[in-house]
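target.txt (compact mmCIF, C-alpha atoms)
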# COMPACT_ATOMS: atom_id res chain seq x y z
CA MET A 1 126.90 16.15 121.39
CA GLU A 2 127.52 15.70 117.73
CA GLN A 3 130.78 14.38 116.61
CA SER A 4 132.31 15.18 113.28
CA THR A 5 135.62 13.74 112.29
CA GLN A 6 137.45 14.34 109.10
CA VAL A 7 140.23 12.15 107.88
CA GLN A 8 142.55 14.31 105.85
CA THR A 9 144.51 12.63 103.18
CA GLU A 10 147.12 14.09 100.96
CA SER A 11 144.92 13.92 97.92
CA SER A 12 142.35 16.70 97.74
CA ILE A 13 138.75 16.33 96.58
CA SER A 14 138.69 16.19 92.81
CA GLU A 15 135.36 14.44 92.22
CA THR A 16 132.32 16.68 92.14
CA MET A 17 130.11 13.98 93.58
CA ALA A 18 130.53 12.60 97.07
CA ILE A 19 129.29 9.26 98.36
CA VAL A 20 127.02 9.41 101.38
CA LYS A 21 126.39 6.34 103.49
CA ILE A 22 123.47 6.48 105.88
CA GLU A 23 121.09 3.90 107.30
CA GLY A 24 122.59 1.17 105.19
CA GLN A 25 122.06 3.15 102.03
CA GLU A 26 124.58 4.69 99.73
CA PHE A 27 123.95 7.47 97.27
CA ASN A 28 125.72 10.25 95.47
CA LEU A 29 125.54 13.85 96.54
CA GLU A 30 127.18 17.01 95.34
CA ALA A 31 130.48 17.33 97.17
CA VAL A 32 129.68 20.99 97.80
CA LEU A 33 126.69 19.95 99.85
CA ALA A 34 128.51 17.20 101.69
CA GLN A 35 131.52 19.18 102.87
CA ASP A 36 129.79 21.17 105.56
CA ASP A 37 127.97 19.56 108.48
CA LYS A 38 125.22 22.12 108.66
CA MET A 39 124.57 22.03 104.95
CA LEU A 40 124.58 18.26 104.93
CA LYS A 41 122.10 18.07 107.79
CA THR A 42 119.85 20.64 106.14
CA VAL A 43 119.81 18.71 102.92
CA LEU A 44 119.23 15.31 104.49
CA GLN A 45 116.80 16.40 107.21
CA PRO A 46 113.60 15.97 105.14
CA HIS A 47 114.40 12.34 104.42
CA PHE A 48 116.46 11.28 107.45
CA SER A 49 115.13 12.84 110.61
CA GLY A 50 117.81 11.28 112.78
CA VAL A 51 120.63 13.09 111.01
CA GLU A 52 120.42 16.01 113.42
CA ASN A 53 122.16 14.07 116.17
CA ALA A 54 124.41 11.85 114.17
CA ASP A 55 128.10 11.17 113.89
CA ILE A 56 129.47 12.38 110.58
CA THR A 57 132.73 10.99 109.32
CA ARG A 58 134.45 12.20 106.20
CA GLU A 59 137.16 10.52 104.24
CA VAL A 60 138.74 11.26 100.90
CA LYS A 61 139.57 8.26 98.76
CA ASP A 62 141.00 8.70 95.28
CA GLY A 63 139.79 12.25 95.16
CA GLN A 64 136.25 11.36 96.13
CA LEU A 65 134.68 12.43 99.37
CA ASN A 66 133.08 9.61 101.35
CA VAL A 67 130.71 10.66 104.10
CA THR A 68 129.52 8.15 106.65
CA ILE A 69 126.64 9.15 108.87
CA VAL A 70 125.83 7.04 111.89
CA LYS A 71 122.84 7.85 114.01
CA ARG A 72 123.51 8.19 117.69
CA ALA A 73 121.54 6.06 120.10
CA GLN A 74 118.85 8.09 121.80
CA HIS A 75 117.76 7.81 125.40
CA LYS A 76 114.64 5.79 125.97
CA GLY A 77 111.53 7.51 127.18
CA MET B 1 84.79 -27.58 92.22
CA GLU B 2 86.84 -27.69 95.40
CA ILE B 3 88.30 -24.85 97.38
CA LEU B 4 92.05 -24.76 97.08
CA SER B 5 93.61 -25.47 100.44
CA ALA B 6 96.05 -23.04 102.02
CA GLY B 7 99.70 -23.49 101.18
CA ALA B 8 98.95 -25.40 97.99
CA PHE B 9 101.38 -25.25 95.10
CA ILE B 10 99.99 -23.55 92.01
CA ASN B 11 101.48 -23.37 88.56
CA LEU B 12 100.02 -21.81 85.49
CA GLU B 13 100.22 -25.03 83.49
CA ASN B 14 97.82 -26.77 85.84
CA GLN B 15 94.46 -25.47 84.70
CA GLU B 16 92.63 -27.41 87.36
CA LYS B 17 94.51 -25.59 90.09
CA ILE B 18 93.89 -22.25 88.40
CA GLU B 19 90.18 -22.99 88.20
CA GLN B 20 90.20 -23.98 91.84
CA LEU B 21 91.98 -20.73 92.66
CA LYS B 22 89.32 -18.75 90.80
CA PHE B 23 86.61 -20.67 92.58
CA THR B 24 88.27 -20.04 95.94
CA ALA B 25 88.48 -16.32 95.22
CA ALA B 26 84.80 -16.23 94.28
CA GLU B 27 83.80 -18.16 97.40
CA LEU B 28 85.82 -15.86 99.62
CA ALA B 29 84.17 -12.87 97.99
CA ASN B 30 80.76 -14.41 98.66
CA ALA B 31 81.67 -14.94 102.29
CA ALA B 32 83.01 -11.42 102.57
CA MET B 33 79.80 -9.91 101.22
CA GLU B 34 77.75 -11.90 103.70
CA THR B 35 79.66 -10.51 106.66
CA GLU B 36 78.06 -7.56 108.36
CA GLY B 37 79.79 -4.22 108.15
CA PHE B 38 81.66 -5.02 104.95
CA THR B 39 80.78 -2.32 102.46
CA GLY B 40 82.34 -4.07 99.50
CA ASP B 41 83.72 -0.93 97.92
CA GLU B 42 86.73 -1.05 95.64
CA GLU B 43 89.42 -0.10 98.11
CA SER B 44 88.32 -2.25 101.01
CA GLY B 45 87.73 -5.16 98.65
CA ARG B 46 91.25 -4.88 97.31
CA ARG B 47 92.74 -4.77 100.78
CA LEU B 48 90.70 -7.76 101.85
CA ALA B 49 91.78 -9.69 98.78
CA LEU B 50 95.44 -8.96 99.56
CA GLU B 51 94.95 -10.07 103.16
CA PHE B 52 93.33 -13.26 101.97
CA TRP B 53 96.18 -13.85 99.57
CA GLN B 54 98.79 -13.42 102.28
CA GLY B 55 96.86 -15.64 104.64
CA LEU B 56 96.43 -18.44 102.14
CA GLU B 57 100.21 -18.69 101.59
CA TYR B 58 99.95 -20.34 98.21
CA MET B 59 103.21 -21.62 96.82
CA SER B 60 104.24 -20.85 93.26
CA ARG B 61 107.22 -20.22 91.09
CA GLU B 62 108.71 -16.78 91.46
CA THR B 63 108.13 -15.98 87.82
CA GLU B 64 104.48 -16.96 88.01
CA GLU B 65 103.69 -15.55 91.43
CA THR B 66 102.53 -12.14 90.20
CA ALA B 67 100.35 -13.60 87.48
CA ILE B 68 98.69 -16.05 89.86
CA LYS B 69 98.21 -13.34 92.44
CA ASN B 70 96.57 -11.14 89.85
CA ILE B 71 94.23 -13.95 88.88
CA PHE B 72 93.17 -14.35 92.47
CA LEU B 73 92.69 -10.60 93.02
CA ASN B 74 90.84 -10.10 89.76
CA HIS B 75 88.37 -12.88 90.43
CA PHE B 76 87.85 -11.77 93.99
CA LEU B 77 87.11 -8.19 92.95
CA GLU B 78 85.10 -9.38 89.99
CA ARG B 79 82.86 -11.41 92.25
CA LEU B 80 82.47 -8.45 94.58
CA ARG B 81 81.35 -6.33 91.68
CA GLU B 82 78.80 -8.90 90.68
CA LEU B 83 77.37 -8.93 94.17
CA ARG B 84 77.21 -5.16 94.39
CA PRO B 85 73.91 -3.81 93.07
CA VAL B 86 75.19 -0.29 92.32
CA GLN B 87 78.09 -1.45 90.23
CA THR B 88 75.91 -3.69 88.11
CA THR B 89 73.86 -0.73 87.00
CA THR B 90 76.98 1.10 85.89
CA ILE B 91 78.12 -1.96 84.04
CA GLU B 92 74.86 -2.10 82.19
CA LEU B 93 75.27 1.51 81.19
CA ARG B 94 78.70 0.78 79.84
CA GLN B 95 77.54 -2.23 77.94
CA ASP B 96 75.01 -0.11 76.15
CA SER B 97 77.50 2.54 75.25
CA GLU B 98 79.67 2.21 72.24
CA GLN B 99 82.16 4.80 73.29
CA ILE B 100 83.44 3.50 76.57
CA ILE B 101 84.00 0.12 75.08
CA THR B 102 87.03 1.47 73.29
CA GLN B 103 88.77 2.32 76.57
CA PRO B 104 89.62 -1.27 77.59
CA ILE B 105 91.50 -1.61 74.35
CA ASP B 106 93.70 1.28 75.43
CA ASP B 107 94.16 -0.26 78.86
CA ASP B 108 95.50 -3.45 77.34
CA ILE B 109 98.52 -1.55 76.15
CA LYS B 110 99.68 -0.97 79.72
CA PRO B 111 102.90 -2.89 80.40
CA VAL B 112 102.93 -5.37 83.24
CA ASP B 113 106.16 -5.60 85.19
CA GLU B 114 106.32 -8.57 87.49
CA PHE B 115 109.02 -6.96 89.61
CA LEU B 116 107.03 -3.86 90.40
CA GLY B 117 104.40 -5.42 92.56
CA VAL B 118 100.78 -6.11 91.85
CA VAL B 119 99.41 -4.33 88.86
CA GLU B 120 96.15 -2.87 90.00
CA THR B 121 93.24 -3.33 87.72
CA THR B 122 90.99 -0.51 86.81
CA ASP B 123 87.26 -0.72 86.55
CA ASN B 124 87.39 -1.01 82.81
CA GLU B 125 89.82 -3.93 82.89
CA LEU B 126 87.68 -5.81 85.34
CA ILE B 127 84.60 -5.22 83.34
CA GLN B 128 86.39 -6.48 80.31
CA THR B 129 87.47 -9.70 82.00
CA GLU B 130 84.04 -10.05 83.48
CA ASP B 131 82.16 -10.13 80.26
CA ASP B 132 84.37 -11.39 77.51
CA GLU B 133 81.49 -11.85 75.19
CA THR B 134 80.35 -8.29 75.52
CA SER B 135 83.85 -7.01 74.94
CA ILE B 136 84.20 -9.12 71.82
CA GLN B 137 80.92 -7.78 70.59
CA SER B 138 82.03 -4.27 71.36
CA LYS B 139 85.29 -4.74 69.51
CA ASP B 140 83.41 -5.98 66.50
CA PHE B 141 81.13 -3.05 66.87
CA SER B 142 84.02 -0.62 66.95
CA ILE B 143 85.52 -2.23 63.88
CA LEU B 144 82.32 -1.58 62.00
CA GLU B 145 82.54 2.09 62.85
CA ASN B 146 84.53 4.60 60.85
CA ASP B 147 87.99 5.66 61.92
CA SER B 148 86.79 9.21 62.28
CA SER B 149 84.21 8.21 64.83
CA GLN B 150 86.86 6.42 66.82
CA GLN B 151 88.94 9.53 66.87
CA THR B 152 86.09 11.51 68.29
CA GLU B 153 85.62 8.84 70.92
CA VAL B 154 89.19 9.17 72.02
CA LYS B 155 88.76 12.88 72.23
CA THR B 156 85.78 12.47 74.51
CA THR B 157 87.84 10.62 77.05
CA SER B 158 90.60 13.17 77.01
CA ASP B 159 88.74 16.40 76.58
CA ALA B 160 85.00 16.68 76.86
CA LYS B 161 84.88 20.20 75.51
CA SER B 162 86.51 19.40 72.23
CA GLU B 163 84.29 16.40 71.87
CA SER B 164 81.18 18.46 72.46
CA ALA B 165 82.29 20.88 69.79
CA ASP B 166 82.71 18.04 67.33
CA SER B 167 79.48 16.43 68.28
CA ASN B 168 77.48 19.57 67.54
CA SER B 169 78.28 19.11 63.91
CA SER B 170 77.68 15.38 63.97
CA SER B 171 74.53 13.29 63.98
CA GLN B 172 72.10 12.62 66.80
CA GLY B 173 73.63 9.24 67.50
CA GLU B 174 76.83 10.94 68.43
CA ASN B 175 74.98 13.39 70.58
CA GLN B 176 73.91 10.51 72.73
CA GLU B 177 77.55 9.83 73.37
CA ASN B 178 77.86 13.24 74.99
CA VAL B 179 75.62 12.15 77.79
CA GLU B 180 77.63 9.06 78.62
CA PRO B 181 80.97 10.77 79.33
CA GLU B 182 79.20 12.89 81.92
CA GLN B 183 78.07 9.76 83.71
CA GLU B 184 81.57 8.40 83.52
CA LYS B 185 83.02 11.60 84.90
CA SER B 186 80.73 11.51 87.88
CA VAL B 187 81.92 8.00 88.68
CA GLU B 188 85.54 9.03 88.27
CA THR B 189 85.19 11.94 90.66
CA LYS B 190 83.67 9.68 93.28
CA THR B 191 86.54 7.23 93.04
CA ALA B 192 89.10 10.03 93.08
CA VAL B 193 87.84 11.16 96.46
CA GLY B 194 87.85 7.59 97.74
CA ASN B 195 91.43 6.94 96.62
CA LEU B 196 92.87 9.49 99.01
CA ALA B 197 93.33 6.81 101.65
CA LEU B 198 96.84 5.43 101.45
CA PRO B 199 97.34 1.68 101.55
CA GLU B 200 99.61 0.18 104.18
CA LYS B 201 101.95 -1.29 101.63
CA GLU B 202 102.32 0.76 98.51
CA PRO B 203 103.42 -0.96 95.32
CA TYR B 204 106.80 -0.12 93.87
CA GLN B 205 105.25 1.66 90.95
CA TRP B 206 105.84 5.29 90.21
CA GLY B 207 102.22 6.16 89.73
CA LYS B 208 100.96 4.16 92.67
CA CYS B 209 103.23 5.12 95.52
CA THR B 210 103.86 8.22 97.57
CA VAL B 211 106.72 10.28 96.21
CA THR B 212 108.28 12.89 98.44
CA ALA B 213 109.90 15.80 96.64
CA THR B 214 111.43 18.67 98.53
CA ILE B 215 112.67 22.02 97.36
CA GLN B 216 115.23 23.84 99.46
CA LEU B 217 116.11 27.33 98.34
CA LEU B 218 119.57 28.18 99.57
CA PRO B 219 120.28 31.77 100.56
CA GLU B 220 121.45 34.21 97.94
CA GLY B 221 125.10 35.09 97.66
CA CYS B 222 126.63 37.95 99.58
CA ASP B 223 127.49 39.87 96.44
CA GLY B 224 123.84 40.71 95.88
CA ALA B 225 123.48 38.50 92.83
CA THR B 226 119.97 37.35 92.11
CA GLU B 227 121.17 33.88 91.21
CA ARG B 228 120.01 31.33 93.69
CA LYS B 229 120.88 27.74 94.28
CA ALA B 230 118.26 25.20 95.18
CA VAL B 231 118.42 21.63 96.40
CA LEU B 232 115.83 19.31 94.89
CA SER B 233 115.43 15.92 96.44
CA VAL B 234 113.08 13.09 95.57
CA ARG B 235 112.41 9.94 97.49
CA THR B 236 109.86 7.17 97.69
CA HIS B 237 109.47 4.23 100.06
CA ASP B 238 112.71 3.74 101.98
CA PHE B 239 114.97 4.04 98.98
CA ALA B 240 117.92 6.36 98.86
CA PRO B 241 116.93 9.89 97.87
CA ASN B 242 118.05 11.54 94.68
CA ILE B 243 119.43 14.92 95.69
CA SER B 244 120.57 17.44 93.14
CA LEU B 245 121.79 20.98 93.28
CA VAL B 246 120.44 23.39 90.69
CA GLN B 247 121.18 27.01 89.97
CA LEU B 248 118.33 29.38 89.25
CA ALA B 249 118.45 32.82 87.73
CA GLY B 250 116.22 34.11 90.50
CA ASN B 251 113.89 36.21 88.37
CA ASN B 252 110.91 33.90 88.52
CA LEU B 253 111.61 31.09 90.90
CA THR B 254 108.45 29.06 90.37
CA ALA B 255 108.80 29.10 86.61
CA GLU B 256 112.49 28.23 86.81
CA LEU B 257 111.91 25.46 89.31
CA ALA B 258 109.27 23.66 87.27
CA PRO B 259 111.54 22.28 84.50
CA GLU B 260 114.26 21.38 86.97
CA LEU B 261 111.76 19.54 89.14
CA GLU B 262 110.45 17.71 86.12
CA LYS B 263 113.96 16.59 85.26
CA VAL B 264 114.61 15.34 88.77
CA LEU B 265 111.31 13.49 88.92
CA ALA B 266 111.86 11.93 85.51
CA LYS B 267 115.32 10.78 86.51
CA TYR B 268 114.08 9.24 89.74
CA GLN B 269 111.24 7.57 87.89
CA SER B 270 113.69 5.99 85.49
CA ASP B 271 115.96 4.89 88.35
CA LEU B 272 113.13 3.42 90.42
CA PRO B 273 113.00 -0.02 88.73
CA ALA B 274 116.72 -0.49 89.34
CA LYS B 275 116.28 0.42 92.99
CA VAL B 276 113.42 -2.01 93.31
CA MET B 277 115.53 -4.73 91.73
CA ASP B 278 118.37 -4.05 94.16
CA LYS B 279 116.00 -4.19 97.08
CA LEU B 280 114.48 -7.45 95.91
CA LYS B 281 117.95 -8.92 95.50
CA LYS B 282 118.85 -7.86 99.03
CA GLU B 283 115.66 -9.36 100.37
CA LYS B 284 116.45 -12.61 98.61
CA THR B 285 119.96 -12.73 100.01
CA ALA B 286 118.76 -11.85 103.52
CA PRO B 287 117.37 -15.34 104.33
CA LYS B 288 120.71 -16.84 103.38
CA LYS B 289 122.31 -14.93 106.23
CA THR B 290 119.96 -16.59 108.67
CA ALA B 291 120.87 -20.00 107.28
CA PRO B 292 123.84 -20.53 109.69
CA LYS B 293 121.34 -20.38 112.55
CA THR B 294 119.67 -23.45 111.24
CA THR B 295 123.01 -25.21 111.07
CA SER B 296 123.64 -24.34 114.70
CA GLU B 297 120.26 -25.80 115.47
CA VAL B 298 121.33 -28.94 113.75
CA LYS B 299 124.44 -28.97 115.88
CA THR B 300 122.40 -28.69 119.03
CA VAL B 301 120.20 -31.45 117.82
CA SER B 302 123.22 -33.57 117.16
CA GLN B 303 124.41 -32.85 120.69
CA GLU B 304 121.07 -33.91 121.97
CA THR B 305 121.25 -37.04 119.96
CA ALA B 306 124.68 -37.63 121.43
CA LYS B 307 123.32 -37.52 124.94
CA PRO B 308 121.20 -40.65 124.59
CA LYS B 309 124.38 -42.49 123.69
CA GLU B 310 125.78 -41.49 127.04
CA SER B 311 122.66 -42.67 128.71
CA LEU B 312 123.03 -45.85 126.80
CA LYS B 313 126.53 -46.15 128.21
CA THR B 314 125.19 -45.68 131.70
CA GLN B 315 122.65 -48.28 130.94
CA THR B 316 125.26 -50.63 129.64
CA ALA B 317 127.41 -49.95 132.69
CA PRO B 318 125.35 -52.04 135.16
CA PRO B 319 126.38 -55.44 133.81
CA PRO B 320 129.89 -55.13 135.27
CA ALA B 321 128.30 -54.06 138.52
CA ALA B 322 126.13 -57.08 138.33
CA ASN B 323 129.23 -59.08 137.83
CA GLN B 324 130.62 -57.52 140.94
CA ILE B 325 127.58 -58.53 142.82
CA VAL B 326 127.83 -61.97 141.44
CA THR B 327 131.50 -62.43 142.22
CA PRO B 328 131.34 -61.49 145.92
CA SER B 329 129.07 -64.34 146.69
CA ILE B 330 131.11 -64.84 149.83
CA PRO B 331 129.03 -65.20 152.98
CA PRO B 332 130.43 -62.07 154.78
CA ALA B 333 129.18 -59.81 151.97
CA THR B 334 125.72 -61.16 152.27
CA GLN B 335 125.76 -60.42 155.97
CA THR B 336 126.62 -56.75 155.73
CA GLY B 337 124.33 -56.22 152.70
CA GLN B 338 124.92 -53.27 150.40
CA GLN B 339 127.21 -51.37 152.74
CA GLY B 340 129.46 -54.30 152.86
CA SER B 341 129.61 -54.43 149.10
CA LEU B 342 130.52 -50.75 148.96
CA PHE B 343 133.19 -50.73 151.62
CA GLY B 344 134.43 -54.15 150.88
CA ILE B 345 136.11 -53.07 147.63
Once you've parsed the file, please lay out its structure as structure tokens.
Amino acid sequence: MEQSTQVQTESSISETMAIVKIEGQEFNLEAVLAQDDKMLKTVLQPHFSGVENADITREVKDGQLNVTIVKRAQHKG
Amino acid sequence: MEILSAGAFINLENQEKIEQLKFTAAELANAAMETEGFTGDEESGRRLALEFWQGLEYMSRETEETAIKNIFLNHFLERLRELRPVQTTTIELRQDSEQIITQPIDDDIKPVDEFLGVVETTDNELIQTEDDETSIQSKDFSILENDSSQQTEVKTTSDAKSESADSNSSSQGENQENVEPEQEKSVETKTAVGNLALPEKEPYQWGKCTVTATIQLLPEGCDGATERKAVLSVRTHDFAPNISLVQLAGNNLTAELAPELEKVLAKYQSDLPAKVMDKLKKEKTAPKKTAPKTTSEVKTVSQETAKPKESLKTQTAPPPAANQIVTPSIPPATQTGQQGSLFGI
């Protein structure tokens, strides 16, 4: 089961670009695309196949959305 | 000339080592051509040269590593070309032609970035390094020609049709040049088909690595507007993708996508060197993380070295025992033997 947690802070998202962290990489993405789980998975699916079953954590720091995606361990075999 | 042994240190200042490296590359190429089943074509030769290079584990300065590697690869491939009968015929054709000789001059302009992996050499570059004398002659020859003729030569490489139109109005000597581009084209088409095989390790160069670009057309809005948003993402190797959201008018999607895609590709291309630099920096810092392991190994070694001291102590321990044996030289102890010495204390 996928797990999506969102840490709400008092400050709302003011930056148009969000920071996405996945597989040890960090890159910018339009905040509009990063706000929704389904949209985010659709966008990242071509490049990160494991994003489908991943834990997505969102956090807003200084008006910028930080998204951390951690792949879930799959069963062997 | 001696073959350079594996793991040897090479620097560009040491000409003897460089000559030995060239000789080694040539000898390896000879050995490769003698092996059965080795076709000796361009792609397999390049792969084999890279495998040889990795296996030889030559040491060099980081700044000179790429240059030395290129020397090795060039001489290996050069030797392979010499041994190939088909390639020699093409080389002869090119030597005779005046027109193709101008192409290596254009190739020299290509920038060489030492951080972007091995710069692959084209056929023309190798031919130029192979026969320096012929290239010098050709350059002199091209200097003797008029500027206008050089312009027509450049046109022949870019567009054969325009060149043929120009050549109709020119002399018979130029008409002979029309035949040669056709030969060149046939060679180029053969190599284009052969280059479809992807190498295991692609260089970090925009033109020489697989670039994945995806277009995702998001659904239209509920209000019936024709405007459509699209997500364009570009990625190569295992670098982070460049994902951008664009808005299209929706009238002609393919035509509207083309300029946006060009922008995204151009941006990623410009960002690629920085990404490569970051990756190289991370790779350099990675061995430092493993350094504590070696210190722990040292600790274990020191523990092991400490153990012999203990054994030395045990070895030094017997003298008091010997003293004990010496001191109870009383007759009852000698009667009971060892048991008596143990229980007698």
Review point. Closest to Arg58 of chain A among A:Thr42, A:Asn28, A:Gln35, A:Thr16, using all atoms listed in the file?
Key: A:Gln35
Report as lines of an AutoDock Vina configuration file the centre and the edge lengths, in Å to one decimal, of the axis-aligned box holding every listed atom of segment 8-19 of chain B, padded by 6 Å on each side.
center_x = 95.8
center_y = -24.6
center_z = 90.7
size_x = 23.3
size_y = 17.6
size_z = 26.5
Could you name the residues that touch Lys275 of chain B at 12 Å or less, counting all atoms listed in the file, but leaving out those on the same chain fewer than 2 positions away, as a PDB file with C-alpha atoms, in the frame of the given file?
ATOM      1  CA  GLN A  25     122.060   3.150 102.030  1.00  0.00           C
ATOM      2  CA  GLU A  26     124.580   4.690  99.730  1.00  0.00           C
ATOM      3  CA  PHE A  27     123.950   7.470  97.270  1.00  0.00           C
TER       4      PHE A  27
ATOM      5  CA  PHE B 115     109.020  -6.960  89.610  1.00  0.00           C
ATOM      6  CA  LEU B 116     107.030  -3.860  90.400  1.00  0.00           C
ATOM      7  CA  TYR B 204     106.800  -0.120  93.870  1.00  0.00           C
ATOM      8  CA  GLN B 205     105.250   1.660  90.950  1.00  0.00           C
ATOM      9  CA  TRP B 206     105.840   5.290  90.210  1.00  0.00           C
ATOM     10  CA  ARG B 235     112.410   9.940  97.490  1.00  0.00           C
ATOM     11  CA  THR B 236     109.860   7.170  97.690  1.00  0.00           C
ATOM     12  CA  HIS B 237     109.470   4.230 100.060  1.00  0.00           C
ATOM     13  CA  ASP B 238     112.710   3.740 101.980  1.00  0.00           C
ATOM     14  CA  PHE B 239     114.970   4.040  98.980  1.00  0.00           C
ATOM     15  CA  ALA B 240     117.920   6.360  98.860  1.00  0.00           C
ATOM     16  CA  PRO B 241     116.930   9.890  97.870  1.00  0.00           C
ATOM     17  CA  ASN B 242     118.050  11.540  94.680  1.00  0.00           C
ATOM     18  CA  TYR B 268     114.080   9.240  89.740  1.00  0.00           C
ATOM     19  CA  GLN B 269     111.240   7.570  87.890  1.00  0.00           C
ATOM     20  CA  SER B 270     113.690   5.990  85.490  1.00  0.00           C
ATOM     21  CA  ASP B 271     115.960   4.890  88.350  1.00  0.00           C
ATOM     22  CA  LEU B 272     113.130   3.420  90.420  1.00  0.00           C
ATOM     23  CA  PRO B 273     113.000  -0.020  88.730  1.00  0.00           C
ATOM     24  CA  MET B 277     115.530  -4.730  91.730  1.00  0.00           C
ATOM     25  CA  ASP B 278     118.370  -4.050  94.160  1.00  0.00           C
ATOM     26  CA  LYS B 279     116.000  -4.190  97.080  1.00  0.00           C
ATOM     27  CA  LEU B 280     114.480  -7.450  95.910  1.00  0.00           C
ATOM     28  CA  LYS B 281     117.950  -8.920  95.500  1.00  0.00           C
ATOM     29  CA  LYS B 282     118.850  -7.860  99.030  1.00  0.00           C
TER      30      LYS B 282
END
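Closest approach to Ala31 of chain A among A:Thr68, A:Lys76, A:Ser14, A:Pro46: A:Ser14, based on only C-alpha atoms.
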**Study point:** Exercise: Leu44 of chain A partners within 12 Å, only C-alpha atoms, chain neighbours under 5 positions left out, as a ChimeraX atom specification
**Key:** /A:20-23,27,29,33-34,37-39,49-52,54,69 /B:214-216,231-235,240-244
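The interatomic distance for the pair atom CA of Glu260 of chain B and atom CA of Ile13 of chain A works out to 26.8 Å.
Atom pair atom CA of Gly45 of chain B / atom CA of Ala29 of chain B: separated by 8.5 Å.
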Check your understanding: What separation in Å, quoted to one decimal, exists between atom CA of Leu196 of chain B and atom CA of Ala274 of chain B?
Key -> 27.6 Å
**Study point:** Residues within 8 Å of Met59 of chain B, only C-alpha atoms, excluding chain neighbours under 3 positions, as a count of residues only
**Key:** 4
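Minimum distance to chain B across A:Val43, A:Ala18, A:Asp62, A:Asp36 (counting all atoms listed in the file) occurs at A:Val43.
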Revision key, fill the gap. One residue among B:Ala286, B:Ala213, B:Leu12, B:Ile3 is nearest to Ala266 of chain B when using all atoms listed in the file, and that residue is B:Ala213
Skip Ala258 of chain B itself and residues of its chain fewer than 6 positions away, then list as a compact mmCIF listing (two decimals) with C-alpha atoms, in the coordinates of the input all residues within 12 Å of it, counting all atoms listed in the file.
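The result, written out as result-v2.txt:
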# COMPACT_ATOMS: atom_id res chain seq x y z
CA ILE B 215 112.67 22.02 97.36
CA LEU B 232 115.83 19.31 94.89
CA VAL B 246 120.44 23.39 90.69
CA LEU B 248 118.33 29.38 89.25
CA ASN B 252 110.91 33.90 88.52
CA VAL B 264 114.61 15.34 88.77
CA LEU B 265 111.31 13.49 88.92
